[in-house]
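K.L.:
Provided herewith: start-v2.tsv, TSV, C-alpha atoms.
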chain	number	residue	atom	x	y	z
A	1	MET	CA	-7.69	25.89	-26.64
A	2	LYS	CA	-10.58	27.00	-28.87
A	3	LYS	CA	-9.14	25.10	-31.82
A	4	LEU	CA	-8.75	21.95	-29.72
A	5	ARG	CA	-12.32	22.28	-28.50
A	6	ARG	CA	-13.58	22.72	-32.06
A	7	TRP	CA	-11.72	19.65	-33.29
A	8	SER	CA	-12.91	17.64	-30.29
A	9	LEU	CA	-16.51	18.60	-31.01
A	10	THR	CA	-16.13	17.60	-34.65
A	11	ALA	CA	-14.55	14.27	-33.67
A	12	ALA	CA	-17.39	13.62	-31.22
A	13	LYS	CA	-19.99	14.33	-33.90
A	14	LEU	CA	-18.20	12.02	-36.33
A	15	ALA	CA	-18.13	9.28	-33.70
A	16	VAL	CA	-21.83	9.64	-32.85
A	17	THR	CA	-22.77	9.78	-36.55
A	18	GLY	CA	-20.73	6.67	-37.28
A	19	LEU	CA	-22.21	4.80	-34.31
A	20	LEU	CA	-25.78	5.65	-35.28
A	21	CYS	CA	-25.19	4.72	-38.93
A	22	TRP	CA	-23.68	1.39	-37.83
A	23	TYR	CA	-26.70	0.70	-35.63
A	24	VAL	CA	-29.16	1.55	-38.39
A	25	LEU	CA	-27.34	-0.61	-40.93
A	26	SER	CA	-27.34	-3.52	-38.48
A	27	ARG	CA	-31.13	-3.27	-38.15
A	28	ILE	CA	-32.09	-3.33	-41.81
A	29	ASP	CA	-31.70	-5.67	-44.75
A	30	LEU	CA	-29.25	-3.83	-46.99
A	31	ARG	CA	-30.23	-5.85	-50.06
A	32	ALA	CA	-33.95	-5.23	-49.51
A	33	THR	CA	-33.33	-1.53	-48.86
A	34	GLY	CA	-31.24	-1.32	-52.02
A	35	MET	CA	-34.07	-2.89	-54.01
A	36	VAL	CA	-36.56	-0.40	-52.58
A	37	LEU	CA	-34.33	2.50	-53.64
A	38	LYS	CA	-33.62	0.95	-57.03
A	39	GLN	CA	-37.32	0.58	-57.81
A	40	ALA	CA	-38.19	4.14	-56.75
A	41	GLY	CA	-40.23	6.21	-59.18
A	42	TRP	CA	-37.68	8.95	-59.72
A	43	LEU	CA	-40.14	11.39	-61.30
A	44	TRP	CA	-41.78	11.79	-57.89
A	45	LEU	CA	-38.44	12.96	-56.51
A	46	ILE	CA	-38.54	16.11	-58.64
A	47	PRO	CA	-41.52	17.65	-56.76
A	48	ALA	CA	-40.01	16.28	-53.53
A	49	TRP	CA	-36.88	18.33	-54.20
A	50	VAL	CA	-38.89	21.39	-55.27
A	51	PHE	CA	-41.00	21.40	-52.09
A	52	PHE	CA	-37.87	20.97	-49.95
A	53	VAL	CA	-36.23	23.96	-51.65
A	54	LEU	CA	-39.41	26.01	-51.17
A	55	SER	CA	-39.36	25.15	-47.46
A	56	LYS	CA	-35.82	26.48	-47.19
A	57	MET	CA	-36.75	29.69	-49.00
A	58	VAL	CA	-39.56	30.27	-46.48
A	59	SER	CA	-37.14	29.45	-43.66
A	60	SER	CA	-34.71	32.02	-45.07
A	61	ASP	CA	-37.47	34.65	-45.15
A	62	ARG	CA	-38.27	33.88	-41.50
A	63	LEU	CA	-34.66	34.47	-40.48
A	64	ASN	CA	-34.64	37.73	-42.41
A	65	LEU	CA	-37.53	38.94	-40.25
A	66	TYR	CA	-35.38	38.42	-37.17
A	67	PHE	CA	-32.51	40.28	-38.81
A	68	GLY	CA	-34.82	43.18	-39.64
A	69	ALA	CA	-35.85	43.43	-35.97
A	70	ILE	CA	-32.25	44.24	-34.98
A	71	GLY	CA	-31.63	46.70	-37.80
A	72	ILE	CA	-30.11	44.48	-40.48
A	73	HIS	CA	-31.93	44.97	-43.76
A	74	LEU	CA	-30.80	42.44	-46.33
A	75	SER	CA	-32.60	41.98	-49.61
A	76	ARG	CA	-34.51	38.73	-49.84
A	77	TRP	CA	-31.99	37.28	-52.30
A	78	ALA	CA	-28.89	38.43	-50.42
A	79	ASN	CA	-30.26	36.79	-47.29
A	80	LEU	CA	-31.07	33.64	-49.26
A	81	ARG	CA	-27.50	33.44	-50.56
A	82	LEU	CA	-26.16	33.78	-47.02
A	83	TYR	CA	-28.67	31.16	-45.88
A	84	LEU	CA	-27.50	28.76	-48.59
A	85	LEU	CA	-23.93	29.17	-47.42
A	86	GLY	CA	-25.06	28.40	-43.88
A	87	MET	CA	-26.88	25.29	-45.10
A	88	PHE	CA	-23.70	24.10	-46.78
A	89	TYR	CA	-21.63	24.68	-43.65
A	90	ASN	CA	-24.20	22.98	-41.41
A	91	LEU	CA	-24.16	19.91	-43.63
A	92	PHE	CA	-20.51	19.53	-44.50
A	93	LEU	CA	-18.51	21.54	-41.96
A	94	PRO	CA	-20.16	20.84	-38.60
A	95	GLY	CA	-17.31	21.98	-36.36
A	96	GLY	CA	-17.44	24.62	-33.66
A	97	ILE	CA	-18.52	27.35	-36.10
A	98	GLY	CA	-21.17	25.76	-38.32
A	99	GLY	CA	-23.62	27.61	-40.52
A	100	ASP	CA	-25.37	29.62	-37.81
A	101	GLY	CA	-22.15	30.73	-36.20
A	102	TYR	CA	-20.74	31.76	-39.56
A	103	LYS	CA	-23.80	33.92	-40.32
A	104	VAL	CA	-23.31	35.71	-37.00
A	105	TYR	CA	-19.60	36.22	-37.73
A	106	TRP	CA	-20.17	37.33	-41.34
A	107	LEU	CA	-22.86	39.89	-40.47
A	108	HIS	CA	-20.99	41.18	-37.43
A	109	GLN	CA	-18.02	41.97	-39.64
A	110	ARG	CA	-20.17	43.99	-42.04
A	111	THR	CA	-22.64	45.78	-39.76
A	112	GLN	CA	-22.68	47.76	-36.53
A	113	VAL	CA	-24.92	45.17	-34.87
A	114	SER	CA	-23.44	43.38	-31.87
A	115	ALA	CA	-22.60	39.70	-32.01
A	116	LYS	CA	-24.92	39.22	-29.02
A	117	SER	CA	-27.96	40.58	-30.89
A	118	LEU	CA	-27.09	38.53	-33.96
A	119	THR	CA	-26.71	35.40	-31.87
A	120	PHE	CA	-30.12	35.99	-30.26
A	121	ALA	CA	-31.72	36.46	-33.70
A	122	VAL	CA	-30.26	33.24	-35.08
A	123	LEU	CA	-30.98	31.34	-31.86
A	124	LEU	CA	-34.62	32.44	-31.72
A	125	ASP	CA	-35.05	31.54	-35.38
A	126	ARG	CA	-33.86	28.03	-34.53
A	127	ILE	CA	-36.05	27.80	-31.43
A	128	ASN	CA	-39.11	28.99	-33.34
A	129	GLY	CA	-38.56	26.36	-36.01
A	130	MET	CA	-38.03	23.66	-33.39
A	131	LEU	CA	-41.25	24.60	-31.58
A	132	ALA	CA	-43.20	24.26	-34.81
A	133	ILE	CA	-41.72	20.81	-35.40
A	134	VAL	CA	-42.55	19.70	-31.85
A	135	ALA	CA	-46.09	21.12	-32.09
A	136	LEU	CA	-46.79	19.39	-35.40
A	137	SER	CA	-45.25	16.16	-34.07
A	138	LEU	CA	-47.64	16.24	-31.12
A	139	LEU	CA	-50.62	16.97	-33.36
A	140	SER	CA	-49.58	14.19	-35.74
A	141	LEU	CA	-50.04	11.69	-32.90
A	142	LEU	CA	-53.79	12.15	-33.43
A	143	LEU	CA	-53.36	10.14	-36.64
A	144	LEU	CA	-52.24	7.05	-34.74
A	145	PRO	CA	-54.24	4.48	-32.76
A	146	LEU	CA	-53.03	5.65	-29.37
A	147	PRO	CA	-54.74	5.71	-25.93
A	148	LEU	CA	-57.41	8.38	-25.54
A	149	TRP	CA	-55.45	10.26	-22.85
A	150	VAL	CA	-52.56	10.71	-25.29
A	151	LYS	CA	-54.90	12.10	-27.94
A	152	TRP	CA	-56.20	14.61	-25.40
A	153	ALA	CA	-52.84	15.54	-23.89
A	154	ALA	CA	-50.96	16.01	-27.17
A	155	PRO	CA	-53.07	18.80	-28.69
A	156	LEU	CA	-53.62	20.51	-25.31
A	157	SER	CA	-49.86	20.79	-24.76
A	158	VAL	CA	-49.43	22.78	-28.00
A	159	PRO	CA	-51.16	26.04	-26.90
A	160	ILE	CA	-49.61	25.72	-23.44
A	161	GLY	CA	-46.13	25.43	-24.94
A	162	TYR	CA	-46.75	28.31	-27.32
A	163	GLY	CA	-47.98	30.48	-24.46
A	164	LEU	CA	-44.77	29.79	-22.52
A	165	TYR	CA	-42.74	30.62	-25.63
A	166	VAL	CA	-44.46	34.00	-26.09
A	167	PHE	CA	-44.08	34.71	-22.35
A	168	ALA	CA	-40.32	34.05	-22.56
A	169	ILE	CA	-39.91	36.24	-25.65
A	170	LYS	CA	-41.88	39.08	-24.03
A	171	HIS	CA	-39.75	39.07	-20.89
A	172	PHE	CA	-36.29	38.23	-22.20
A	173	PHE	CA	-36.19	39.20	-25.90
A	174	LYS	CA	-38.56	42.17	-26.15
A	175	GLU	CA	-37.20	43.38	-29.48
A	176	PHE	CA	-38.56	40.23	-31.11
A	177	ILE	CA	-42.00	40.06	-29.49
A	178	SER	CA	-43.79	41.54	-32.52
A	179	LEU	CA	-42.50	38.64	-34.62
A	180	SER	CA	-43.85	35.84	-32.42
A	181	HIS	CA	-46.98	35.09	-34.45
A	182	ILE	CA	-45.77	35.70	-38.00
A	183	THR	CA	-42.56	33.71	-37.56
A	184	SER	CA	-44.54	30.85	-36.02
A	185	LEU	CA	-46.78	30.78	-39.10
A	186	TYR	CA	-43.66	30.73	-41.28
A	187	SER	CA	-42.34	27.77	-39.27
A	188	VAL	CA	-45.57	25.82	-39.69
A	189	LEU	CA	-45.41	26.50	-43.44
A	190	VAL	CA	-41.79	25.29	-43.54
A	191	GLN	CA	-42.70	21.99	-41.93
A	192	GLY	CA	-45.83	21.65	-44.05
A	193	LEU	CA	-43.78	21.98	-47.24
A	194	GLN	CA	-41.30	19.40	-45.98
A	195	CYS	CA	-44.15	17.02	-45.19
A	196	VAL	CA	-45.35	17.41	-48.78
A	197	SER	CA	-41.79	16.66	-49.90
A	198	VAL	CA	-41.79	13.46	-47.82
A	199	PHE	CA	-45.24	12.52	-49.16
A	200	CYS	CA	-43.74	12.70	-52.68
A	201	ILE	CA	-40.88	10.46	-51.55
A	202	ILE	CA	-43.39	7.97	-50.14
A	203	ARG	CA	-45.12	7.89	-53.51
A	204	ALA	CA	-41.77	7.56	-55.28
A	205	LEU	CA	-41.16	4.39	-53.27
A	206	GLY	CA	-44.60	3.03	-54.16
A	207	ILE	CA	-45.77	2.90	-50.53
A	208	HIS	CA	-49.52	3.12	-50.02
A	209	GLY	CA	-51.79	3.00	-46.99
A	210	GLN	CA	-49.03	3.96	-44.54
A	211	ASP	CA	-48.88	7.72	-45.08
A	212	ALA	CA	-49.98	8.71	-41.55
A	213	GLY	CA	-47.45	6.55	-39.72
A	214	LEU	CA	-44.57	7.51	-41.99
A	215	LEU	CA	-45.33	11.22	-41.72
A	216	VAL	CA	-45.47	10.92	-37.92
A	217	LEU	CA	-42.04	9.26	-37.95
A	218	PHE	CA	-40.74	12.02	-40.21
A	219	MET	CA	-41.97	14.75	-37.85
A	220	ILE	CA	-40.41	13.03	-34.85
A	221	SER	CA	-37.18	12.46	-36.77
A	222	SER	CA	-37.09	16.16	-37.65
A	223	VAL	CA	-36.99	17.01	-33.94
A	224	VAL	CA	-34.12	14.56	-33.35
A	225	ALA	CA	-32.20	15.65	-36.48
A	226	VAL	CA	-32.11	19.28	-35.31
A	227	LEU	CA	-30.16	18.31	-32.17
A	228	PRO	CA	-26.45	19.10	-32.78
A	229	PHE	CA	-25.08	15.62	-32.08
A	230	THR	CA	-24.45	14.37	-35.61
A	231	ILE	CA	-23.23	15.64	-38.96
A	232	GLY	CA	-26.16	17.19	-40.80
A	233	GLY	CA	-28.61	14.96	-38.90
A	234	LEU	CA	-27.18	11.87	-40.64
A	235	GLY	CA	-27.90	8.78	-38.59
A	236	ALA	CA	-30.24	10.53	-36.16
A	237	ARG	CA	-33.19	10.71	-38.56
A	238	GLU	CA	-32.59	7.14	-39.75
A	239	LEU	CA	-32.50	5.95	-36.14
A	240	VAL	CA	-36.04	7.23	-35.57
A	241	PHE	CA	-37.32	5.50	-38.70
A	242	VAL	CA	-35.65	2.16	-37.98
A	243	THR	CA	-36.71	2.03	-34.31
A	244	GLY	CA	-40.17	3.54	-34.79
A	245	SER	CA	-41.32	1.55	-37.82
A	246	PRO	CA	-41.78	-1.79	-35.95
A	247	LEU	CA	-43.91	-0.02	-33.32
A	248	LEU	CA	-46.20	1.24	-36.09
A	249	LEU	CA	-46.11	-2.09	-37.97
A	250	LEU	CA	-44.20	-0.51	-40.86
A	251	ASP	CA	-41.48	-2.03	-43.00
A	252	PRO	CA	-38.12	-0.73	-41.65
A	253	ASN	CA	-36.39	-1.05	-45.04
A	254	SER	CA	-38.95	1.17	-46.76
A	255	SER	CA	-39.00	3.58	-43.81
A	256	VAL	CA	-35.22	4.03	-43.81
A	257	SER	CA	-35.30	4.47	-47.60
A	258	ILE	CA	-37.50	7.54	-47.06
A	259	SER	CA	-34.94	8.99	-44.68
A	260	ILE	CA	-32.05	8.25	-47.04
A	261	LEU	CA	-33.76	9.96	-49.97
A	262	PHE	CA	-34.69	12.96	-47.85
A	263	TYR	CA	-31.07	13.26	-46.75
A	264	LEU	CA	-29.89	13.13	-50.38
A	265	ILE	CA	-32.39	15.85	-51.27
A	266	THR	CA	-31.04	17.92	-48.37
A	267	VAL	CA	-27.50	17.45	-49.66
A	268	THR	CA	-28.34	18.50	-53.23
A	269	GLY	CA	-30.36	21.43	-51.92
A	270	SER	CA	-27.38	22.59	-49.85
A	271	LEU	CA	-24.70	22.23	-52.55
A	272	PRO	CA	-25.38	25.66	-54.16
A	273	GLY	CA	-24.02	27.21	-50.96
A	274	LEU	CA	-20.58	26.01	-52.01
A	275	VAL	CA	-20.50	28.79	-54.61
A	276	TYR	CA	-20.69	31.47	-51.91
A	277	HIS	CA	-17.91	29.80	-49.91
A	278	PHE	CA	-15.56	30.77	-52.73
A	279	LYS	CA	-17.42	33.93	-53.79
A	280	THR	CA	-18.57	35.61	-50.57
A	281	SER	CA	-18.56	38.96	-52.39
A	282	TRP	CA	-21.53	37.72	-54.41
A	283	ILE	CA	-23.75	37.48	-51.33
A	284	LEU	CA	-24.39	41.24	-51.20
A	285	ASP	CA	-23.97	41.80	-54.94
A	286	GLU	CA	-27.26	43.38	-56.05
A	287	LYS	CA	-26.55	42.37	-59.66
A	288	ASN	CA	-27.27	38.79	-58.57
A	289	ASP	CA	-30.81	39.82	-57.48
A	290	SER	CA	-32.04	40.28	-61.03
The structure given in the file should be rewritten as structure tokens.
P.N.:
Amino acid sequence: MKKLRRWSLTAAKLAVTGLLCWYVLSRIDLRATGMVLKQAGWLWLIPAWVFFVLSKMVSSDRLNLYFGAIGIHLSRWANLRLYLLGMFYNLFLPGGIGGDGYKVYWLHQRTQVSAKSLTFAVLLDRINGMLAIVALSLLSLLLLPLPLWVKWAAPLSVPIGYGLYVFAIKHFFKEFISLSHITSLYSVLVQGLQCVSVFCIIRALGIHGQDAGLLVLFMISSVVAVLPFTIGGLGARELVFVTGSPLLLLDPNSSVSISILFYLITVTGSLPGLVYHFKTSWILDEKNDS
């Protein structure tokens, strides 16, 4: 039954991903989008990739803080190797296990920590990251010509939401309460680095004067891409760009090109995790820390 459920979930994700990709492709000019990508200044993509990788290193450090709170003390590099493996699984093997589930399974097999505590640690790491994305998305609305009530409501909702988050952690996950502020700062840094990565992609495509709108679309797309309905966020992020760009008077072909390049950077940044799929013994090998 579990195997059937896992395969059904994978099939559903494939179907949703395919449907979204079809919709996006039907809404853009493939030739124009191809020309945008062809004329990209590829040197700008090097810092875009570097800032993306840095964001994932910070994200890995944040997760390690949660592990430390439940008595798992991995070296920074061992945790990063495990994180890379999880990135690879999240991107290419999005079945019932996925990267997060595998990390719980892998650590449970090697420590005395319960699967429940591990699941809470990984889940809260995800929630913390998601809250940072939502908060920055709301604050980014200040960059757009929106009604005044929206510009008041958006920033005011951020501290209210954060207060509710801390309240929930304090009452339901007490072992993690001391991490609330530091992990939130890590999450903001993660998203900031990814925004810098996207800014480099925007420059690679030669787009000028539209930075604010494109960064707002990226932040919103990051919220959608985290939802576990597609394979590695493929299709979901592009959907936000292709539907949101006309509302902001942006070129949909250029906007989708940003999403495509960011996805390719995500893929190349996740590929090193393949090594640890075949060599799981290397994850805890201290000789690899030097």
K.L.:
For a test of reading the model, state the distance in Å between CA of Lys170 (chain A) and CA of Arg62 (chain A), rounded to one decimal.
P.N.:
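Between these atoms lies a distance of 18.6 Å.
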K.L.:
Taking all atoms listed in the file into account, name the residue in A:Leu264, A:Leu37, A:Leu43, A:Val122 that is nearest to Tyr83 (chain A).
P.N.:
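Comparing A:Leu264, A:Leu37, A:Leu43, A:Val122 against Tyr83 (chain A), the winner is A:Val122.
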K.L.:
So how far away is CA of Trp44 (chain A) from CA of Tyr89 (chain A), in Å?
P.N.:
27.8 Å
K.L.:
If you take all atoms listed in the file and a cut-off of 10 Å, which residues of region 202-239 of chain A touch region 46-50 of chain A, and what are their nearest atom pairs and distances in Å to one decimal, in chain and number order, as a tab-separated table?
P.N.:
residue	atom	partner	partner_atom	distance
A:Ile202	CA	A:Ala48	CA	9.6
A:Arg203	CA	A:Ala48	CA	9.8
A:Ala204	CA	A:Ala48	CA	9.1
K.L.:
Near Asp100 (chain A), counting all atoms listed in the file, which residues have an atom at most 10 Å away, once you skip same-chain residues fewer than 3 positions from it, shown as a ChimeraX atom specification?
P.N.:
/A:83,85-87,89-90,97,103-106,118-119,122-123,126
K.L.:
Rounded to one decimal place, report the CA of Leu107 (chain A)-CA of Ile265 (chain A) distance in Å.
P.N.:
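CA of Leu107 (chain A) sits 28.0 Å away from CA of Ile265 (chain A).
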K.L.:
Counting all atoms listed in the file, figure out which residue out of A:Ala115, A:Leu141, A:Val16, A:Ile201 gets nearest to Ala153 (chain A).
P.N.:
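Under the stated criterion, the closest residue is A:Leu141.
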K.L.:
Using 9 Å as the limit and counting all atoms listed in the file, can you tabulate each residue of region 55-99 of chain A that touches region 182-190 of chain A, with its shortest atom-to-atom distance in Å and the two atoms involved, as a Markdown table?
P.N.:
| residue | atom | partner | partner_atom | distance |
| --- | --- | --- | --- | --- |
| A:Ser55 | CA | A:Val190 | CA | 4.6 |
| A:Lys56 | CA | A:Val190 | CA | 7.1 |
| A:Met57 | CA | A:Val190 | CA | 8.6 |
| A:Val58 | CA | A:Val190 | CA | 6.2 |
| A:Ser59 | CA | A:Val190 | CA | 6.2 |
| A:Asp61 | CA | A:Tyr186 | CA | 8.3 |
| A:Arg62 | CA | A:Thr183 | CA | 5.8 |
| A:Leu63 | CA | A:Thr183 | CA | 8.5 |
| A:Leu65 | CA | A:Thr183 | CA | 7.7 |
| A:Tyr66 | CA | A:Thr183 | CA | 8.6 |
K.L.:
Give me the residues within 7 Å of region 71-80 of chain A as a PyMOL selection string, counting all atoms listed in the file and dropping any in the same chain fewer than 5 places off.
P.N.:
chain A and resi 57+60-61+64+283-284+289
